[in-house]
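Structure, as structure tokens:
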Amino acid sequence: MLTISESAAEVIKLVLVGGDSPEGSGLRIAPAGEGLQASIAAEPQSGDEVIEESGVRVFLEPQVATLLGDKVLDAERDSNGELALAVRD
């Protein structure tokens, strides 16, 4: 199962609070083109794997759950110095 680092949980909390998300919302990760897309979701879609860790919820589309099953969702600074989510082995 995907693990969520403390730093990633903090980024997700900021995104959810900044988006004025309703109680129980989470970050949903799904396929998009040749990559992955993360978006705020009020609830998981049918079949999504739900991960609750460090006070946040992440919803993984079934294919993504298989792909990221043994990975860590982390946060790092991008080239502009902004915090961004990253997947690590």
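If you're wondering about the labels, chains in the structure tokens are A, B, ... by order shown, residues count from 1 in each chain, ligands from 1 in order shown.
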
Contacts of region 8-25 of chain A at 6 Å or less, counting only C-alpha atoms, minus same-chain residues fewer than 2 places along, as a VMD selection string?
-> chain A and resid 5 to 6 41 to 43 74 to 75

Looking only at strand (DSSP E or B) from DSSP on the backbone, list the matching residues of chain A as a PyMOL selection string.
-> chain A and resi 3-4+26-32+35-41+49-53+56-60+72-77+83-88

For Gly69 (chain A), list every protein, DNA or RNA residue within 9 Å, evaluated using only C-alpha atoms, and leave out those in the same chain fewer than 6 positions away; present the list as a list in words.
-> Met1, Leu2 and Thr3 of chain A

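Relative to CA of Asp78 (chain A), CA of Gly55 (chain A) is found at 24.1 Å.
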
Which residues come within 12 Å of Arg28 (chain A), counting only C-alpha atoms, excluding same-chain residues fewer than 2 positions away, as a PyMOL selection string?
-> chain A and resi 12+16+25-26+30-32+36-45+48-51+56-62+64-65

DSSP on the backbone: what in chain A comes out alpha helix (DSSP H), as a ChimeraX atom specification?
-> /A:6-18,62-67

Atomic distance CA of Glu52 (chain A) - CA of Ala84 (chain A), expressed in Å with one decimal |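 Straight-line distance from CA of Glu52 (chain A) to CA of Ala84 (chain A) works out to 19.5 Å.
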
Separation of CA of Gly35 (chain A) from CA of Arg88 (chain A) in Å =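 A separation of 14.8 Å between them.
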
Pick from A:Leu73, A:Ser46, A:Glu34, A:Leu67, whichever lies nearest to Ile4 (chain A) using only C-alpha atoms | A:Leu73
